[in-house]
Amino acid sequence: MLASESAFGFDGVFPEGNGRCRFHYINRSGVVAVAGKNAVGYSTLSPARSISGSLFWCTVSMASIIDWIEEDDSVHCRIPPLFFPFVKVPGIIGMVVSAFFAVFFSAFMIMLFLTLPDDAPRALIMSVFGGFFGLFLIPVCGFIFCKSLLVVCGRKRLELNAKQICVITQLGPIWSRRKCQLASLGGFRIEDLKGEKFNMAVDYSNLVAVQQDGREVHLLRAFANEIVGQLVEEIPGKIELVTRRMGGTISETILASEVQTELSAPDPFRIQQRTSKPIGSDLTIQENGLDRVLDIPPRGLLKSTPVPVRYVSCAVLCFILVAVGGLVATLLAGKVEGQPAVGWLFAGLFTFIAVLIVLYRISAAIRRGSIRIGRNSMSFREQSLLSRHEVTWDRDAIDAVRVAVEEHVGDESVTYEHFIEVIADTGRPRHWFSHRDKRELEWIVHKIQKALGLDVSEP
């Protein structure tokens with residue numbers, strides 16, 4: 001039977017039979033599989049509240065999957081453990097590795113105690129090694145083991161009050177929390193995990209709380225679309241409920257209509273038609289006479305480079321600082337054996353590497369650009385610390401504008417670069433604005449295609 005329209009824009013078909021169904025909510029931004037409470041009354045499936053999942057099919061009632069418990073100043077619910085089994089693998093690996101190192105350190109201490117000669121300062125040696133293992137390595141292993149245990153066996157619940165929304169994962173006395181302040185909340189993003197990268201064709205999604213400055217808080221990872229869809233549909237109303245109750249005391253009332261929602265595809269090869277600006281994006285469009293200017297501001301030090309690059313560069317800079325400081329102090333004190341010139345050469349080399357790293361980070365932080373679309377032409381401009389590029393095309397010479405992806409295969413990793421590609425009769429191909437997020441590039445391309453009257457069909 002055909003389903004009616006819901007808050008998400010429902011357009012699905014419920015096959016009749018033994019309770020097995022395959023259905024979709026069609027969001028304004030794309031398609032997400034959901035079984036929300038708004039479907040009640042539009043299906044003849046059994047009202048029994050049971051869910052038995054496989055990768056492609058699920059036995060679901062059309063009643064609400066998640067039950068909310070309302071209190072005076074908060075609401076909370078337990079989240080059914082319906083998630084992609086593969087997400088347990090990192091937790092299992094973490095438990096095995098941390099347990100192995102804990103046993104290895106303990107065995108090492110026992111062997112050290114048994115093999116020390118009688119005339120050795122046994123108390124001093126055991127105190128040094130035991131203190132290092134007991135105060136650093138064993139607590140680190142215990143922390144990793146507990147976190148991994150939560151990933152494998154933890155149960156999740158969502159709590160919402162007038163200050164924050166958080167997802168708590170708990171197993172007995174062990175717990176962890178992922179939270180986002182409502183004052184800085186911009187909206188929620190559903191990350192559909194289907195795609196070509198891992199050849200995944202499963203109905204699981206991530207739920208991400210996106211702050212107004214674009215920072216992300218992953219609340220759920222690889223959970224069933226029925227759960228993620230119902231949460232995204234109902235949480236804005238719950239936020240309005242709790243903030244209205246506490247209005248004027250803790251926070252201002254946040255209306256459900258003020259909480260944005262969007263769909264995203266983490267798979268690098270899935271390029272979407274994005275009609276609305278991504279939540280938390282700082283891109284702006286200005287009208288300048290007959291021209292339309294899209295400004296792409298700099299991202300700053302914290303957002304301009306990936307997290308691994310930031311940590312590695314900071315670690316290398318700290319190492320160079322300590323090494324150069326110690327080397328220069330030793331050279332000035334005249335306590336270097338051999339030729340001092342070699343020591344000064346290494347100090348200069350390390351300093352040069354540090355300067356290059358700092359210049360790279362600064363250049364990435366201040367990298368900016370703009371797109372100007374006029375009556376007869378379109379121009380791209382991109383500049384950083386040491387480079388500037390600007391190209392202008394006639395509108396009649398532009399055949400297509402699209403988001404392209406390029407795969408870079410290294411010895412131990414694979415990275416993906418997204419950029420805007422302009423296909424025109426003139427000009428050389430260039431990777432434009434590759435420092436911006438894929439979601440922002442999708443929105444930019446949609447605006448360009450609409451302004452130029454190009455084909456905006458789904459890639």
# chains A, B, ... in the order shown; residues from 1 in each chain; ligands from 1

$ select_by_dssp --residues "stretch 165-237 of chain A" --states "helix (DSSP H, G or I)" --output "PDB file with C-alpha atoms, in the first residue's frame"
ATOM      1  CA  LEU A 182      22.227  23.576  22.435  1.00  0.00           C
ATOM      2  CA  ALA A 183      23.417  27.191  22.416  1.00  0.00           C
ATOM      3  CA  SER A 184      25.906  26.322  19.654  1.00  0.00           C
ATOM      4  CA  ASN A 225      18.105   4.112   9.310  1.00  0.00           C
ATOM      5  CA  GLU A 226      14.843   3.527  11.187  1.00  0.00           C
ATOM      6  CA  ILE A 227      16.451   4.782  14.403  1.00  0.00           C
ATOM      7  CA  VAL A 228      18.411   7.664  12.884  1.00  0.00           C
ATOM      8  CA  GLY A 229      15.415   8.844  10.895  1.00  0.00           C
ATOM      9  CA  GLN A 230      13.059   8.860  13.882  1.00  0.00           C
ATOM     10  CA  LEU A 231      15.607  10.706  16.044  1.00  0.00           C
ATOM     11  CA  VAL A 232      16.166  13.403  13.437  1.00  0.00           C
ATOM     12  CA  GLU A 233      12.417  13.793  13.030  1.00  0.00           C
ATOM     13  CA  GLU A 234      11.598  13.980  16.754  1.00  0.00           C
ATOM     14  CA  ILE A 235      14.605  15.617  18.435  1.00  0.00           C
ATOM     15  CA  PRO A 236      13.796  19.179  17.210  1.00  0.00           C
ATOM     16  CA  GLY A 237      10.370  18.931  18.844  1.00  0.00           C
TER      17      GLY A 237
END

$ residues_around --residues "A:Val167" --least-positions-apart "3" --cutoff "12 Å" --atoms "only C-alpha atoms" --output "count of residues only"
29

$ residues_around --residues "stretch 396-408 of chain A" --least-positions-apart "6" --cutoff "9 Å" --atoms "only C-alpha atoms" --output "ChimeraX atom specification"
/A:268-269,271,376-378,414-426,431,438,441-442,445-446,448-449,452,454-455,459

$ residues_around --residues "stretch 261-265 of chain A" --least-positions-apart "2" --cutoff "6 Å" --atoms "only C-alpha atoms" --output "list in words"
Ser29, Gly187, Phe188, Arg189, Ile190, Glu191, Asp192 and Asp267 of chain A

$ residues_around --residues "A:Leu116" --least-positions-apart "6" --cutoff "10 Å" --atoms "only C-alpha atoms" --output "MDAnalysis selection string"
chainID A and resid 122 125:126

$ residues_around --residues "A:Leu149" --least-positions-apart "6" --cutoff "8 Å" --atoms "only C-alpha atoms" --output "list in words"
Gly91, Ile92 and Met95 of chain A

$ write_last_selection --atoms "N, CA and C atoms" --output "PDB file, in the first residue's frame"
ATOM      1  N   GLY A  91      36.656  -1.994  18.214  1.00  0.00           N
ATOM      2  CA  GLY A  91      36.610  -2.263  19.644  1.00  0.00           C
ATOM      3  C   GLY A  91      37.242  -3.591  20.000  1.00  0.00           C
ATOM      4  N   ILE A  92      36.976  -4.614  19.203  1.00  0.00           N
ATOM      5  CA  ILE A  92      37.590  -5.921  19.460  1.00  0.00           C
ATOM      6  C   ILE A  92      39.100  -5.838  19.327  1.00  0.00           C
ATOM      7  N   MET A  95      40.516  -4.097  22.406  1.00  0.00           N
ATOM      8  CA  MET A  95      40.541  -4.965  23.580  1.00  0.00           C
ATOM      9  C   MET A  95      41.680  -5.964  23.518  1.00  0.00           C
TER      10      MET A  95
END

$ residues_around --residues "A:Val242" --least-positions-apart "6" --cutoff "10 Å" --atoms "only C-alpha atoms" --output "list in words"
Glu70, Glu71, Asp72, Asp73, Ser74, Val75, Leu160, Asn161, Ala162, Lys163, Ser251, Thr253 and Ile254 of chain A

$ select_by_dssp --residues "stretch 104-244 of chain A" --states "strand (DSSP E)" --output "PyMOL selection string"
chain A and resi 155-161+164-171+174-181+185-192+204-211+216-224

$ write_last_selection --atoms "N, CA and C atoms" --output "compact mmCIF listing (two decimals), in the first residue's frame"
# COMPACT_ATOMS: atom_id res chain seq x y z
N ARG A 155 25.64 -0.02 25.89
CA ARG A 155 24.28 0.35 25.52
C ARG A 155 24.15 1.87 25.54
N LYS A 156 23.42 2.40 24.59
CA LYS A 156 23.35 3.84 24.41
C LYS A 156 22.00 4.39 24.84
N ARG A 157 22.04 5.59 25.38
CA ARG A 157 20.82 6.34 25.65
C ARG A 157 21.07 7.81 25.32
N LEU A 158 20.02 8.46 24.90
CA LEU A 158 20.11 9.87 24.54
C LEU A 158 19.43 10.70 25.61
N GLU A 159 20.12 11.72 26.08
CA GLU A 159 19.58 12.62 27.09
C GLU A 159 19.58 14.04 26.55
N LEU A 160 18.49 14.74 26.81
CA LEU A 160 18.32 16.10 26.30
C LEU A 160 17.77 16.98 27.40
N ASN A 161 18.49 18.05 27.71
CA ASN A 161 17.99 19.03 28.66
C ASN A 161 18.10 20.42 28.04
N GLN A 164 22.05 20.98 26.85
CA GLN A 164 22.83 20.17 25.93
C GLN A 164 22.06 18.93 25.51
N ILE A 165 22.54 18.33 24.42
CA ILE A 165 22.09 17.03 23.99
C ILE A 165 23.29 16.10 24.03
N CYS A 166 23.13 14.92 24.57
CA CYS A 166 24.27 14.02 24.69
C CYS A 166 23.81 12.58 24.51
N VAL A 167 24.72 11.75 24.02
CA VAL A 167 24.51 10.31 23.90
C VAL A 167 25.49 9.64 24.86
N ILE A 168 24.98 8.87 25.79
CA ILE A 168 25.79 8.20 26.81
C ILE A 168 25.86 6.72 26.47
N THR A 169 27.06 6.20 26.39
CA THR A 169 27.30 4.77 26.19
C THR A 169 27.74 4.19 27.52
N GLN A 170 27.05 3.15 28.02
CA GLN A 170 27.30 2.65 29.36
C GLN A 170 27.29 1.14 29.38
N LEU A 171 28.19 0.59 30.21
CA LEU A 171 28.23 -0.83 30.50
C LEU A 171 28.61 -0.97 31.96
N ILE A 174 31.12 1.57 33.73
CA ILE A 174 31.92 2.21 32.69
C ILE A 174 30.99 3.00 31.77
N TRP A 175 31.35 4.22 31.46
CA TRP A 175 30.51 5.03 30.59
C TRP A 175 31.35 6.08 29.87
N SER A 176 30.82 6.56 28.76
CA SER A 176 31.41 7.67 28.01
C SER A 176 30.29 8.53 27.47
N ARG A 177 30.62 9.76 27.13
CA ARG A 177 29.58 10.71 26.74
C ARG A 177 30.03 11.51 25.53
N ARG A 178 29.10 11.69 24.60
CA ARG A 178 29.29 12.58 23.46
C ARG A 178 28.21 13.64 23.54
N LYS A 179 28.59 14.92 23.65
CA LYS A 179 27.61 15.96 23.91
C LYS A 179 27.82 17.16 23.02
N CYS A 180 26.75 17.93 22.87
CA CYS A 180 26.77 19.17 22.10
C CYS A 180 25.87 20.18 22.80
N GLN A 181 26.40 21.37 23.03
CA GLN A 181 25.63 22.42 23.69
C GLN A 181 24.54 22.94 22.75
N LEU A 185 24.28 24.70 18.79
CA LEU A 185 23.79 23.70 17.83
C LEU A 185 23.26 24.38 16.58
N GLY A 186 23.75 23.92 15.42
CA GLY A 186 23.23 24.41 14.16
C GLY A 186 22.19 23.50 13.54
N GLY A 187 22.34 22.18 13.75
CA GLY A 187 21.39 21.23 13.19
C GLY A 187 21.96 19.83 13.24
N PHE A 188 21.29 18.92 12.53
CA PHE A 188 21.68 17.52 12.53
C PHE A 188 21.91 17.06 11.09
N ARG A 189 22.89 16.20 10.94
CA ARG A 189 23.24 15.67 9.62
C ARG A 189 23.11 14.15 9.65
N ILE A 190 22.45 13.60 8.65
CA ILE A 190 22.40 12.16 8.44
C ILE A 190 23.44 11.80 7.39
N GLU A 191 24.37 10.95 7.76
CA GLU A 191 25.40 10.50 6.82
C GLU A 191 25.04 9.11 6.34
N ASP A 192 24.57 9.04 5.12
CA ASP A 192 24.17 7.76 4.52
C ASP A 192 25.43 7.01 4.10
N TYR A 204 22.22 1.73 6.82
CA TYR A 204 22.74 2.26 8.08
C TYR A 204 23.26 3.68 7.85
N SER A 205 23.18 4.48 8.90
CA SER A 205 23.58 5.89 8.78
C SER A 205 24.25 6.35 10.06
N ASN A 206 25.00 7.44 9.95
CA ASN A 206 25.55 8.14 11.10
C ASN A 206 24.64 9.32 11.44
N LEU A 207 24.56 9.63 12.72
CA LEU A 207 23.85 10.82 13.18
C LEU A 207 24.87 11.79 13.76
N VAL A 208 24.94 12.99 13.17
CA VAL A 208 25.95 13.97 13.55
C VAL A 208 25.25 15.25 13.98
N ALA A 209 25.65 15.76 15.14
CA ALA A 209 25.21 17.09 15.57
C ALA A 209 26.24 18.10 15.08
N VAL A 210 25.79 19.07 14.29
CA VAL A 210 26.68 20.05 13.68
C VAL A 210 26.49 21.39 14.40
N GLN A 211 27.59 21.93 14.89
CA GLN A 211 27.53 23.21 15.57
C GLN A 211 27.47 24.35 14.55
N GLU A 216 31.75 19.19 14.31
CA GLU A 216 30.86 18.04 14.30
C GLU A 216 31.00 17.22 15.58
N VAL A 217 29.88 16.69 16.04
CA VAL A 217 29.85 15.76 17.17
C VAL A 217 29.09 14.53 16.70
N HIS A 218 29.79 13.41 16.53
CA HIS A 218 29.15 12.18 16.08
C HIS A 218 28.41 11.54 17.26
N LEU A 219 27.09 11.56 17.18
CA LEU A 219 26.28 10.98 18.24
C LEU A 219 26.09 9.48 18.05
N LEU A 220 25.81 9.04 16.84
CA LEU A 220 25.63 7.62 16.54
C LEU A 220 26.41 7.29 15.27
N ARG A 221 26.98 6.10 15.25
CA ARG A 221 27.73 5.65 14.08
C ARG A 221 27.15 4.33 13.58
N ALA A 222 26.79 4.32 12.29
CA ALA A 222 26.33 3.11 11.59
C ALA A 222 25.14 2.47 12.30
N PHE A 223 24.14 3.26 12.66
CA PHE A 223 22.92 2.73 13.24
C PHE A 223 21.86 2.59 12.15
N ALA A 224 20.87 1.76 12.43
CA ALA A 224 19.81 1.49 11.46
C ALA A 224 19.11 2.79 11.07

$ atom_distance --atom1 "atom CA of A:Ser370" --atom2 "atom CA of A:Pro308"
27.8 Å

$ closest_residue --among "A:Leu114, A:Ile296, A:Leu302, A:Ile93" --to "A:Gly369" --atoms "only C-alpha atoms"
A:Ile296

$ atom_distance --atom1 "atom CA of A:Ser304" --atom2 "atom CA of A:Ser384"
11.7 Å
